[in-house]
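Everything below belongs to data-v4.cif, which stores mmCIF, C-alpha atoms.
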```cif
data_start
loop_
_atom_site.label_atom_id
_atom_site.label_comp_id
_atom_site.auth_asym_id
_atom_site.auth_seq_id
_atom_site.Cartn_x
_atom_site.Cartn_y
_atom_site.Cartn_z
CA MET N 1 -243.72 -197.00 106.61
CA SER N 2 -243.63 -199.80 104.11
CA ILE N 3 -245.37 -197.71 101.49
CA PHE N 4 -242.65 -195.09 101.67
CA LYS N 5 -239.93 -197.68 101.53
CA SER N 6 -241.43 -199.44 98.56
CA LEU N 7 -242.10 -196.25 96.66
CA THR N 8 -238.64 -194.91 97.39
CA ALA N 9 -237.19 -198.17 96.15
CA LEU N 10 -239.32 -198.03 93.05
CA VAL N 11 -238.20 -194.49 92.28
CA LEU N 12 -234.56 -195.34 92.82
CA VAL N 13 -234.69 -198.48 90.75
CA SER N 14 -236.77 -197.26 87.86
CA ALA N 15 -235.79 -193.58 87.70
CA VAL N 16 -239.18 -192.80 86.22
CA PRO N 17 -239.21 -189.19 85.07
CA ALA N 18 -241.35 -187.16 87.44
CA LEU N 19 -244.78 -186.34 86.07
CA ALA N 20 -244.48 -188.55 83.00
CA PRO N 21 -247.90 -189.82 81.92
CA LEU N 22 -247.44 -193.05 83.80
CA PRO N 23 -249.41 -196.24 83.51
CA ALA N 24 -252.85 -194.78 83.39
CA ALA N 25 -251.74 -195.20 79.76
CA ALA N 26 -252.20 -198.95 80.15
CA HIS N 27 -255.89 -198.35 79.89
CA HIS N 28 -256.38 -194.80 78.66
CA SER N 29 -254.49 -191.60 78.12
CA THR N 30 -254.10 -188.93 80.75
CA ALA N 31 -255.21 -186.15 78.39
CA MET N 32 -258.37 -185.38 80.36
CA PHE N 33 -256.42 -184.36 83.48
CA GLU N 34 -254.20 -181.41 84.31
CA TRP N 35 -251.42 -183.96 84.52
CA GLY N 36 -248.57 -182.96 86.79
CA LYS N 37 -250.30 -180.01 88.50
CA VAL N 38 -251.34 -181.02 92.00
CA THR N 39 -254.47 -179.53 93.59
CA LYS N 40 -255.30 -180.30 97.24
CA ILE N 41 -258.59 -180.77 99.00
CA ASN N 42 -259.75 -181.97 102.43
CA GLY N 43 -262.88 -184.01 102.92
CA ILE N 44 -264.59 -187.13 104.17
CA VAL N 45 -264.48 -190.40 102.25
CA GLU N 46 -267.90 -191.47 100.97
CA ARG N 47 -266.85 -194.57 99.05
CA PHE N 48 -263.67 -196.29 97.89
CA ASP N 49 -264.03 -198.67 94.92
CA TRP N 50 -261.15 -201.18 94.90
CA THR N 51 -261.82 -202.12 91.27
CA ASN N 52 -260.23 -202.46 87.87
CA PRO N 53 -259.26 -200.80 85.68
CA HIS N 54 -258.98 -198.03 88.28
CA VAL N 55 -259.77 -197.51 91.92
CA PHE N 56 -262.25 -194.70 92.54
CA LEU N 57 -262.51 -192.49 95.59
CA PHE N 58 -265.62 -190.45 96.27
CA LEU N 59 -265.09 -187.58 98.67
CA LYS N 60 -267.44 -185.09 100.33
CA GLY N 61 -265.27 -182.00 100.17
CA ALA N 62 -264.99 -179.43 102.93
CA ASP N 63 -266.88 -177.14 100.53
CA GLY N 64 -269.88 -179.51 100.66
CA LYS N 65 -269.45 -180.76 97.08
CA ARG N 66 -268.85 -184.36 96.04
CA TYR N 67 -265.60 -185.13 94.23
CA ALA N 68 -264.75 -188.24 92.21
CA PHE N 69 -261.14 -189.31 91.93
CA GLU N 70 -259.76 -191.97 89.66
CA GLY N 71 -256.56 -193.73 90.71
CA MET N 72 -254.29 -196.50 89.58
CA SER N 73 -255.40 -200.14 89.51
CA PRO N 74 -255.57 -202.47 92.51
CA ASN N 75 -252.92 -204.49 90.65
CA HIS N 76 -250.38 -201.70 90.99
CA LEU N 77 -251.51 -200.35 94.35
CA GLY N 78 -251.72 -203.77 95.98
CA ARG N 79 -248.02 -204.25 95.27
CA HIS N 80 -247.09 -200.84 96.66
CA GLY N 81 -248.57 -200.65 100.10
CA TRP N 82 -252.27 -200.09 99.45
CA SER N 83 -255.15 -202.43 100.16
CA LYS N 84 -258.91 -202.35 99.82
CA ARG N 85 -258.93 -201.19 103.45
CA SER N 86 -256.48 -198.29 102.98
CA VAL N 87 -259.32 -195.77 103.12
CA SER N 88 -262.86 -196.29 104.35
CA PRO N 89 -266.11 -194.32 104.35
CA GLY N 90 -266.01 -191.70 107.10
CA ASP N 91 -262.24 -191.23 107.02
CA LYS N 92 -261.12 -187.60 107.10
CA VAL N 93 -258.45 -187.33 104.45
CA ALA N 94 -256.48 -184.83 102.42
CA VAL N 95 -256.32 -185.64 98.71
CA GLY N 96 -253.78 -184.39 96.20
CA TYR N 97 -255.10 -184.69 92.65
CA TYR N 98 -254.76 -183.65 89.04
CA LYS N 99 -257.98 -181.81 88.09
CA LEU N 100 -260.30 -182.80 85.30
CA LYS N 101 -259.77 -180.30 82.51
CA ASP N 102 -263.51 -180.09 81.80
CA GLY N 103 -264.10 -178.36 85.12
CA ARG N 104 -266.17 -181.05 86.80
CA ASP N 105 -265.44 -181.90 90.42
CA GLY N 106 -262.82 -184.59 90.34
CA GLY N 107 -259.68 -185.80 88.70
CA PHE N 108 -256.83 -188.25 89.09
CA CYS N 109 -255.95 -188.88 92.73
CA VAL N 110 -252.21 -188.87 93.33
CA THR N 111 -251.95 -188.87 97.13
CA VAL N 112 -254.20 -189.55 100.09
CA THR N 113 -253.07 -188.38 103.53
CA LEU N 114 -254.79 -190.11 106.44
CA PRO N 115 -255.58 -188.46 109.81
CA ASP N 116 -252.51 -190.08 111.39
CA GLY N 117 -250.31 -188.44 108.78
CA THR N 118 -249.75 -191.54 106.67
CA ARG N 119 -249.36 -190.47 103.05
CA LEU N 120 -250.37 -192.98 100.42
CA ALA N 121 -249.10 -192.25 96.90
CA GLN N 122 -250.56 -193.67 93.70
CA LEU N 123 -247.37 -193.26 91.69
CA PRO N 124 -243.66 -193.02 92.33
CA ASN N 125 -242.05 -189.58 92.38
CA ILE N 126 -245.05 -187.56 93.47
CA PRO N 127 -243.78 -184.28 94.92
CA GLU N 128 -245.09 -183.01 98.26
CA MET M 129 -266.07 -236.68 79.44
CA ARG M 130 -265.37 -236.68 83.17
CA LYS M 131 -263.67 -240.05 82.87
CA VAL M 132 -261.34 -238.69 80.21
CA LEU M 133 -260.49 -235.66 82.28
CA ARG M 134 -259.68 -237.81 85.30
CA ALA M 135 -257.50 -240.10 83.27
CA ALA M 136 -255.45 -237.32 81.71
CA PRO M 137 -253.15 -236.49 84.67
CA ARG M 138 -252.34 -240.19 85.13
CA GLN M 139 -251.38 -240.55 81.49
CA ARG M 140 -249.28 -237.42 81.78
CA ARG M 141 -247.37 -238.81 84.75
CA ILE M 142 -246.69 -242.06 82.91
CA GLY M 143 -245.50 -240.10 79.86
CA THR M 144 -243.26 -237.96 82.04
CA ALA M 145 -241.71 -240.97 83.71
CA ARG M 146 -240.97 -242.58 80.36
CA ALA M 147 -239.42 -239.41 79.04
CA LEU M 148 -237.30 -239.03 82.17
CA CYS M 149 -236.01 -242.62 81.80
CA LEU M 150 -235.10 -241.83 78.22
CA VAL M 151 -233.20 -238.70 79.24
CA PHE M 152 -231.28 -240.53 81.97
CA ALA M 153 -230.43 -243.34 79.56
CA MET M 154 -229.15 -240.82 77.05
CA ALA M 155 -227.18 -238.78 79.59
CA GLY M 156 -224.00 -240.79 79.07
CA LEU M 157 -224.17 -240.10 75.36
CA ALA M 158 -224.57 -236.33 75.66
CA PRO M 159 -222.49 -234.51 73.03
CA ALA M 160 -219.63 -232.34 74.30
CA THR M 161 -220.30 -229.61 71.73
CA PRO M 162 -223.41 -227.38 71.87
CA LEU M 163 -226.50 -228.98 70.50
CA HIS M 164 -227.75 -227.92 67.09
CA ALA M 165 -231.10 -226.19 67.10
CA ALA M 166 -232.72 -229.34 65.80
CA ASP M 167 -231.32 -231.32 68.73
CA ALA M 168 -231.75 -228.73 71.50
CA PRO M 169 -234.46 -229.44 74.04
CA GLN M 170 -237.61 -227.75 72.77
CA GLY M 171 -239.83 -228.40 75.76
CA ARG M 172 -241.80 -230.98 73.85
CA THR M 173 -241.96 -233.29 76.87
CA TRP M 174 -242.02 -232.66 80.61
CA ALA M 175 -238.44 -233.96 80.77
CA GLU M 176 -237.30 -231.53 78.10
CA ILE M 177 -238.97 -228.70 79.98
CA ALA M 178 -236.81 -229.54 83.00
CA ALA M 179 -233.74 -228.87 80.83
CA LEU M 180 -234.92 -225.36 79.85
CA PRO M 181 -233.97 -222.19 81.75
CA ASP M 182 -235.96 -221.43 84.89
CA TRP M 183 -238.32 -218.61 83.97
CA GLY M 184 -240.46 -219.16 87.06
CA GLY M 185 -241.97 -216.32 89.02
CA VAL M 186 -243.65 -213.23 87.68
CA TRP M 187 -241.92 -210.67 85.45
CA GLU M 188 -242.43 -206.93 85.89
CA PRO M 189 -241.58 -204.70 82.92
CA ASP M 190 -238.97 -202.01 83.53
CA TRP M 191 -241.01 -198.81 83.71
CA SER M 192 -237.94 -196.67 83.06
CA ILE M 193 -237.85 -198.25 79.59
CA LEU M 194 -241.63 -198.30 79.08
CA TYR M 195 -242.07 -194.63 79.90
CA ASN M 196 -238.81 -193.32 78.53
CA PRO M 197 -239.84 -190.41 76.28
CA ASN M 198 -236.60 -190.84 74.33
CA ARG M 199 -237.25 -194.37 73.10
CA PRO M 200 -236.03 -194.73 69.50
CA LYS M 201 -238.63 -193.59 66.98
CA PRO M 202 -239.64 -196.19 64.39
CA PRO M 203 -238.62 -195.61 60.75
CA LEU M 204 -242.03 -194.85 59.27
CA THR M 205 -242.80 -195.05 55.58
CA PRO M 206 -244.12 -191.79 54.05
CA ALA M 207 -247.67 -193.18 54.12
CA ALA M 208 -247.42 -194.20 57.78
CA GLU M 209 -245.87 -190.83 58.68
CA LYS M 210 -248.71 -189.02 56.94
CA ALA M 211 -251.29 -191.13 58.80
CA LEU M 212 -249.56 -190.40 62.11
CA GLN M 213 -249.53 -186.67 61.43
CA ALA M 214 -253.25 -186.73 60.60
CA PHE M 215 -253.89 -188.71 63.80
CA ASN M 216 -251.96 -186.16 65.86
CA ALA M 217 -253.62 -183.21 64.09
CA ALA M 218 -257.03 -184.54 65.16
CA LYS M 219 -255.86 -184.34 68.77
CA GLU M 220 -255.90 -180.57 68.44
CA LYS M 221 -259.66 -180.88 67.91
CA GLY M 222 -260.02 -183.04 71.01
CA GLU M 223 -260.18 -186.30 69.07
CA ASN M 224 -257.88 -189.35 69.29
CA LEU M 225 -257.10 -188.58 72.91
CA GLN M 226 -258.26 -192.06 73.86
CA GLY M 227 -257.68 -195.34 72.12
CA GLU M 228 -259.79 -198.46 72.17
CA GLY M 229 -257.98 -199.43 75.37
CA ALA M 230 -260.26 -196.95 77.12
CA ASN M 231 -263.13 -199.18 76.01
CA CYS M 232 -261.34 -202.20 77.46
CA VAL M 233 -260.22 -203.57 74.08
CA PRO M 234 -256.79 -205.15 74.56
CA PRO M 235 -254.06 -203.85 72.23
CA GLY M 236 -252.80 -207.15 70.79
CA MET M 237 -249.23 -207.72 69.66
CA PRO M 238 -246.74 -206.17 69.97
CA THR M 239 -248.11 -203.63 72.47
CA ILE M 240 -249.53 -206.24 74.84
CA MET M 241 -245.94 -207.19 75.74
CA SER M 242 -245.21 -203.67 77.00
CA MET M 243 -248.08 -203.12 79.39
CA PRO M 244 -247.19 -201.85 82.88
CA TYR M 245 -248.29 -204.93 84.78
CA PRO M 246 -246.38 -208.21 84.94
CA ILE M 247 -246.34 -211.30 82.78
CA GLU M 248 -245.75 -214.97 83.54
CA PHE M 249 -244.37 -217.86 81.43
CA LEU M 250 -246.11 -221.22 81.66
CA MET M 251 -244.28 -224.12 80.06
CA THR M 252 -246.16 -227.23 79.07
CA PRO M 253 -245.10 -229.81 76.49
CA GLY M 254 -244.77 -228.17 73.09
CA LYS M 255 -245.96 -224.75 74.18
CA VAL M 256 -244.96 -221.64 76.09
CA THR M 257 -248.00 -219.73 77.29
CA VAL M 258 -247.51 -216.11 78.28
CA ALA M 259 -250.04 -215.00 80.86
CA ILE M 260 -250.34 -211.21 80.68
CA GLU M 261 -251.92 -209.46 83.64
CA THR M 262 -253.07 -206.29 81.87
CA TYR M 263 -256.43 -207.06 80.23
CA SER M 264 -256.01 -210.71 81.40
CA GLN M 265 -254.52 -211.80 78.08
CA MET M 266 -252.75 -214.96 76.89
CA ARG M 267 -250.21 -215.66 74.16
CA ARG M 268 -249.51 -219.18 72.96
CA ILE M 269 -246.06 -219.85 71.50
CA PHE M 270 -245.91 -223.32 69.96
CA THR M 271 -242.53 -225.03 70.37
CA ASP M 272 -243.62 -228.44 69.07
CA GLY M 273 -241.89 -227.96 65.74
CA ARG M 274 -244.89 -226.92 63.70
CA PRO M 275 -244.28 -224.32 60.99
CA LEU M 276 -246.06 -220.98 60.86
CA PRO M 277 -249.39 -221.45 59.08
CA ALA M 278 -249.54 -220.21 55.50
CA ASP M 279 -252.74 -218.24 55.97
CA PRO M 280 -253.64 -217.84 59.64
CA ASP M 281 -256.85 -216.28 60.80
CA PRO M 282 -256.15 -212.76 62.01
CA ALA M 283 -255.74 -212.58 65.77
CA PHE M 284 -254.90 -209.86 68.28
CA GLN M 285 -251.85 -211.83 69.43
CA GLY M 286 -251.14 -213.26 66.00
CA TYR M 287 -249.90 -216.83 65.59
CA SER M 288 -246.57 -217.65 67.24
CA VAL M 289 -244.07 -220.47 66.93
CA GLY M 290 -240.85 -220.63 68.92
CA LYS M 291 -237.53 -222.46 69.11
CA TRP M 292 -235.18 -222.90 72.03
CA GLN M 293 -231.43 -222.67 71.49
CA ASP M 294 -228.81 -222.16 74.21
CA GLY M 295 -231.35 -220.77 76.65
CA VAL M 296 -232.82 -218.31 74.15
CA LEU M 297 -236.42 -218.59 73.01
CA THR M 298 -236.73 -217.24 69.47
CA VAL M 299 -240.30 -216.48 68.47
CA GLU M 300 -241.82 -215.66 65.10
CA THR M 301 -245.33 -214.24 64.93
CA ILE M 302 -247.60 -213.44 61.98
CA GLY M 303 -251.32 -213.11 61.31
CA PHE M 304 -252.45 -209.99 63.15
CA ASP M 305 -255.89 -208.49 63.44
CA PRO M 306 -255.99 -205.59 60.95
CA GLY M 307 -257.35 -203.18 63.55
CA THR M 308 -254.54 -203.41 66.08
CA LYS M 309 -251.91 -200.69 66.38
CA ILE M 310 -248.14 -200.98 66.69
CA ALA M 311 -248.23 -197.75 68.65
CA GLU M 312 -250.55 -194.78 69.07
CA GLY M 313 -251.56 -193.59 65.62
CA ILE M 314 -249.50 -196.28 63.86
CA GLY M 315 -251.33 -199.21 62.32
CA HIS M 316 -249.78 -202.10 60.41
CA GLY M 317 -249.98 -203.90 57.09
CA PRO M 318 -251.20 -207.45 56.43
CA ASP M 319 -247.68 -208.88 56.20
CA MET M 320 -246.27 -207.61 59.48
CA ARG M 321 -243.92 -210.09 61.14
CA ILE M 322 -242.70 -209.85 64.68
CA GLY M 323 -239.53 -211.60 65.78
CA GLU M 324 -238.63 -211.90 69.44
CA ARG M 325 -235.54 -213.13 71.24
CA MET M 326 -236.25 -213.85 74.89
CA LYS M 327 -233.43 -214.67 77.29
CA LEU M 328 -232.15 -214.18 80.81
CA VAL M 329 -229.45 -211.50 80.89
CA GLU M 330 -229.10 -211.63 84.68
CA PRO M 331 -230.42 -214.27 87.07
CA ASP M 332 -233.58 -212.23 87.64
CA VAL M 333 -233.70 -210.06 84.50
CA LEU M 334 -235.34 -211.27 81.31
CA GLU M 335 -234.74 -209.40 78.08
CA VAL M 336 -237.05 -209.43 75.09
CA GLU M 337 -235.64 -208.01 71.88
CA THR M 338 -238.44 -207.36 69.42
CA THR M 339 -237.97 -206.85 65.68
CA ILE M 340 -240.94 -205.62 63.69
CA THR M 341 -240.86 -206.03 59.93
CA ASP M 342 -243.71 -204.42 58.03
CA PRO M 343 -243.06 -202.94 54.58
CA VAL M 344 -246.30 -200.97 54.70
CA THR M 345 -245.36 -199.17 57.91
CA TYR M 346 -241.58 -199.29 58.38
CA THR M 347 -238.81 -198.55 55.88
CA ARG M 348 -236.63 -201.16 57.61
CA PRO M 349 -237.00 -203.66 60.45
CA HIS M 350 -237.35 -201.84 63.76
CA VAL M 351 -235.72 -203.31 66.87
CA SER M 352 -236.65 -202.48 70.44
CA VAL M 353 -235.60 -203.99 73.74
CA LEU M 354 -237.58 -204.35 76.95
CA ARG M 355 -236.41 -205.89 80.18
CA TYR M 356 -238.47 -207.50 82.91
CA LYS M 357 -237.54 -207.98 86.56
CA ARG M 358 -238.39 -211.26 88.28
CA HIS M 359 -240.57 -211.30 91.39
CA ARG M 360 -240.79 -214.80 92.78
CA ASP M 361 -243.20 -213.68 95.50
CA TRP M 362 -245.74 -212.00 93.19
CA ASP M 363 -248.78 -213.61 91.64
CA ILE M 364 -250.53 -212.56 88.47
CA ARG M 365 -253.67 -210.76 89.61
CA GLU M 366 -257.07 -210.56 88.03
CA TYR M 367 -257.69 -207.60 85.70
CA VAL M 368 -261.25 -207.38 84.45
CA CYS M 369 -261.30 -204.06 82.67
CA GLN M 370 -265.09 -204.02 82.42
CA GLN M 371 -265.46 -204.30 86.20
CA ASN M 372 -265.72 -200.54 86.78
CA ASN M 373 -264.64 -198.81 83.60
CA ARG M 374 -265.64 -195.16 83.87
CA ASP M 375 -263.44 -193.94 81.02
CA ALA M 376 -265.19 -195.13 77.86
CA ALA M 377 -264.16 -193.21 74.73
CA ASP M 378 -266.45 -192.29 71.85
CA ALA M 379 -265.80 -193.23 68.21
CA GLN M 380 -263.61 -190.15 67.74
CA GLY M 381 -261.51 -190.95 70.79
CA ARG M 382 -262.80 -188.14 72.95
CA PRO M 383 -262.14 -188.74 76.62
CA SER M 384 -264.75 -189.06 79.29
CA MET M 385 -264.92 -189.92 82.95
CA ASN M 386 -268.12 -190.98 84.65
CA ILE M 387 -268.04 -189.27 88.03
CA GLU M 388 -271.49 -190.42 89.26
CA MET M 389 -271.27 -192.30 92.53
#
```

Step by step, read the file and then write its structure as C-alpha cells.
Amino acid sequence: MSIFKSLTALVLVSAVPALAPLPAAAHHSTAMFEWGKVTKINGIVERFDWTNPHVFLFLKGADGKRYAFEGMSPNHLGRHGWSKRSVSPGDKVAVGYYKLKDGRDGGFCVTVTLPDGTRLAQLPNIPE
Amino acid sequence: MRKVLRAAPRQRRIGTARALCLVFAMAGLAPATPLHAADAPQGRTWAEIAALPDWGGVWEPDWSILYNPNRPKPPLTPAAEKALQAFNAAKEKGENLQGEGANCVPPGMPTIMSMPYPIEFLMTPGKVTVAIETYSQMRRIFTDGRPLPADPDPAFQGYSVGKWQDGVLTVETIGFDPGTKIAEGIGHGPDMRIGERMKLVEPDVLEVETTITDPVTYTRPHVSVLRYKRHRDWDIREYVCQQNNRDAADAQGRPSMNIEM
C-alpha cells in the first residue's frame, strides 16, 4: 500500500499536470514515445535492470514477442515504493506503457501490475 | 603523504576549538544591530559555520514548478529568438529531439540546479559545496572572501563566489563553458552572469531566486524562482548515467533506444 500512499501524496503535493513530459527530461526528451497514450500488454518478466539513467524491463509478451520497456531511474523509483526486487524474472505481469513511435516492440513503462494485484506506477498521476 | 593526511583532522579540531573560544569570548560584545555584510559570519571557520542557517538534509526540487508549462518565457534578443526558431524548425525533420543529456553530458549552470533529483549543501570553511544527484555533479561556491576571477577558465558550473547576510546566501557565477545551454535551443554569450539568492522561506523549504544576465541572449535580466523541499531522511544516491544508457542521440539530436536485451 505504501506505493499508493506515497504516489497519492506526491500528486496532491506537487499537482503535476497529468501526462506532462515528466523527468525523463532529466536525461532525454520523451519525443520517441507516444507520450500520454497508454497501451497494455501481459507477459512474463525476462529481466529487470535496476540501473541508471533508467530502469529497463524486458518482457516476453503473451504474443511470444520480446518487449523492452524503459522506466524512470532507481533514484526516483527507490523513493516511491519500488526496489530492485519489485519485479523478478518469471513474474507474470501486466504492463501499461507508452509505445515507441518507430514501431519497434517496446516503449516507456508507466505501470506494472503484479499477480497479486499490486500496481506499481513509474510516475504520479498515471490514469488507470 | 599518508602522514599529512592523518594529521589533517587533528589540526582541524585544534583550529575549530580555537575559533570556538574566540566566538565565546566575543559573545558578550555582540552588536545589537544586524551585522554588516563584511562582519556577518561567512562560514570561513567551523565556528562560523555553526552560526549559519541549518541547511542539513537533502533538498528535492518542486516538480510543480519544474514541469509547469506556463513558466515565464525569457526575454530573448532577436538573434536568440531566431536561433530558437531554427532549432525548433529542425524538430519537424526529426532533429534536435534529444540534447547532449541523452549522451550523458551534464547540462552545467544554470540548468543543473533544476534537475528532478535532489541536491545537498555541504558547508566547510570558506566554501559551500552543492552535491547534485542528477549526473553526480558538484558546484563549489567560495565564501572565503575571494573576488570573482578576471578571466576564469570556462567550466560547466562556471566559477562561483558567495556571501552570507542575514541567512541569505548570495552567489555570483561567471565563466561558463561556451557549449552549455540556458534552456533547450537557447545558448549563451561569453559574458553571461548568474546571480542567485538562496534562503529558507519555511523551515523545510529553500528558495533559490536566479537572475540571468546575458546581453547576447536576453534583452534584460531574467529572474526565475525554484523551491526545494527538505527531506532529512533521504540520502543523495549514485547516478552514473553511463551505467546503462540506451538512449544515445546522434549529432543531429535524433532519438534512439537500444532495445536489445

Query raised in the report: Quick one: which residues from chain M are at most 8 Å off chain N, using all atoms listed in the file, as a ChimeraX atom specification?
Result: /M:190-192,195-196,225-227,229-230,232,243-245,262,365-373,375,383-384,387-389

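If you measure from each of M:Pro280, M:Pro331, M:Pro253, M:Pro235 to Asp182 in chain M using all atoms listed in the file, the closest one turns out to be M:Pro331.
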
Requested in this report: Would you kindly translate the PyMOL selection byres ((chain M and resi 208) around 12) into the concrete residues it picks from this file, as a count of residues only?
Outcome: 28

Query raised in the report: Applied to the shown file, which residues does the PyMOL selection byres ((chain M and resi 324) around 6) return, written as JSON, numbers by chain?
Result: {"M": [298, 299, 323, 325, 337, 338]}

Report task. One decimal, Å: what's the distance from CA of Val45 in chain N over to CA of Leu123 in chain N, could you say? Result ->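 Atom-to-atom, CA of Val45 in chain N to CA of Leu123 in chain N, that is 20.3 Å.
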
Report task. Find the residues around Gly185 in chain M up to 12 Å (all atoms listed in the file counted), leave out those fewer than 4 positions away in its own chain, and share them as JSON, numbers by chain. Result -> {"M": [246, 247, 248, 249, 250, 259, 331, 332, 333, 334, 356, 357, 358, 359, 360, 361, 362, 363, 364]}

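Within the file as shown, the PyMOL selection byres ((chain M and resi 354) around 6) identifies Glu335, Val336, Val353 and Arg355 of chain M.
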
Query raised in the report: Expressed in Å to a single decimal, how great is the separation between CA of Leu114 in chain N and CA of Val95 in chain N?
Result: 9.1 Å

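Relative to CA of Cys109 in chain N, CA of Gly81 in chain N is found at 15.7 Å.
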
Can you tell me, as JSON, the centre and edge lengths (Å, one decimal) of the axis-aligned box enclosing all of range 272-281 of chain M's listed atoms after padding each side by 4 Å?
```
{"center_x": -249.4, "center_y": -222.4, "center_z": 62.3, "size_x": 23.0, "size_y": 20.2, "size_z": 21.6}
```

Report task. Extract, using all atoms listed in the file, all DNA, RNA and protein residues at most 9 Å from Ala379 in chain M, discarding same-chain residues fewer than 6 positions from it, and format them as a list of chain:residue names. Result -> M:Glu223, M:Asn224, M:Glu228

Next, dump the selected residues to file, keeping only C-alpha atoms, as a PDB file, in the coordinates of the input.
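In the end it all went to again.pdb:
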```pdb
ATOM      1  CA  GLU M 223    -260.180-186.300  69.070  1.00  0.00           C
ATOM      2  CA  ASN M 224    -257.880-189.350  69.290  1.00  0.00           C
ATOM      3  CA  GLU M 228    -259.790-198.460  72.170  1.00  0.00           C
TER       4      GLU M 228
END
```

Query - Residues near Asn42 in chain N, cut-off 9 Å, all atoms listed in the file, skip fewer than 3 positions along chain, as an MDAnalysis selection string - result: chainID N and resid 59:63 92:96

Do you know which residues are at most 12 Å from Met237 in chain M counting only C-alpha atoms, after dropping those on the same chain fewer than 2 positions away, and could you put them as a CSV table (one decimal) with C-alpha atoms, keeping the file's coordinate frame?
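Listed below is the output, around_17.csv:
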```
chain,number,residue,atom,x,y,z
M,234,PRO,CA,-256.8,-205.2,74.6
M,235,PRO,CA,-254.1,-203.8,72.2
M,239,THR,CA,-248.1,-203.6,72.5
M,240,ILE,CA,-249.5,-206.2,74.8
M,241,MET,CA,-245.9,-207.2,75.7
M,242,SER,CA,-245.2,-203.7,77.0
M,243,MET,CA,-248.1,-203.1,79.4
M,260,ILE,CA,-250.3,-211.2,80.7
M,265,GLN,CA,-254.5,-211.8,78.1
M,266,MET,CA,-252.8,-215.0,76.9
M,267,ARG,CA,-250.2,-215.7,74.2
M,268,ARG,CA,-249.5,-219.2,73.0
M,282,PRO,CA,-256.2,-212.8,62.0
M,283,ALA,CA,-255.7,-212.6,65.8
M,284,PHE,CA,-254.9,-209.9,68.3
M,285,GLN,CA,-251.8,-211.8,69.4
M,286,GLY,CA,-251.1,-213.3,66.0
M,287,TYR,CA,-249.9,-216.8,65.6
M,288,SER,CA,-246.6,-217.6,67.2
M,300,GLU,CA,-241.8,-215.7,65.1
M,301,THR,CA,-245.3,-214.2,64.9
M,302,ILE,CA,-247.6,-213.4,62.0
M,303,GLY,CA,-251.3,-213.1,61.3
M,304,PHE,CA,-252.4,-210.0,63.2
M,305,ASP,CA,-255.9,-208.5,63.4
M,306,PRO,CA,-256.0,-205.6,61.0
M,307,GLY,CA,-257.4,-203.2,63.6
M,308,THR,CA,-254.5,-203.4,66.1
M,309,LYS,CA,-251.9,-200.7,66.4
M,310,ILE,CA,-248.1,-201.0,66.7
M,311,ALA,CA,-248.2,-197.8,68.6
M,315,GLY,CA,-251.3,-199.2,62.3
M,316,HIS,CA,-249.8,-202.1,60.4
M,320,MET,CA,-246.3,-207.6,59.5
M,321,ARG,CA,-243.9,-210.1,61.1
M,322,ILE,CA,-242.7,-209.8,64.7
M,323,GLY,CA,-239.5,-211.6,65.8
M,324,GLU,CA,-238.6,-211.9,69.4
M,338,THR,CA,-238.4,-207.4,69.4
M,339,THR,CA,-238.0,-206.8,65.7
M,340,ILE,CA,-240.9,-205.6,63.7
```
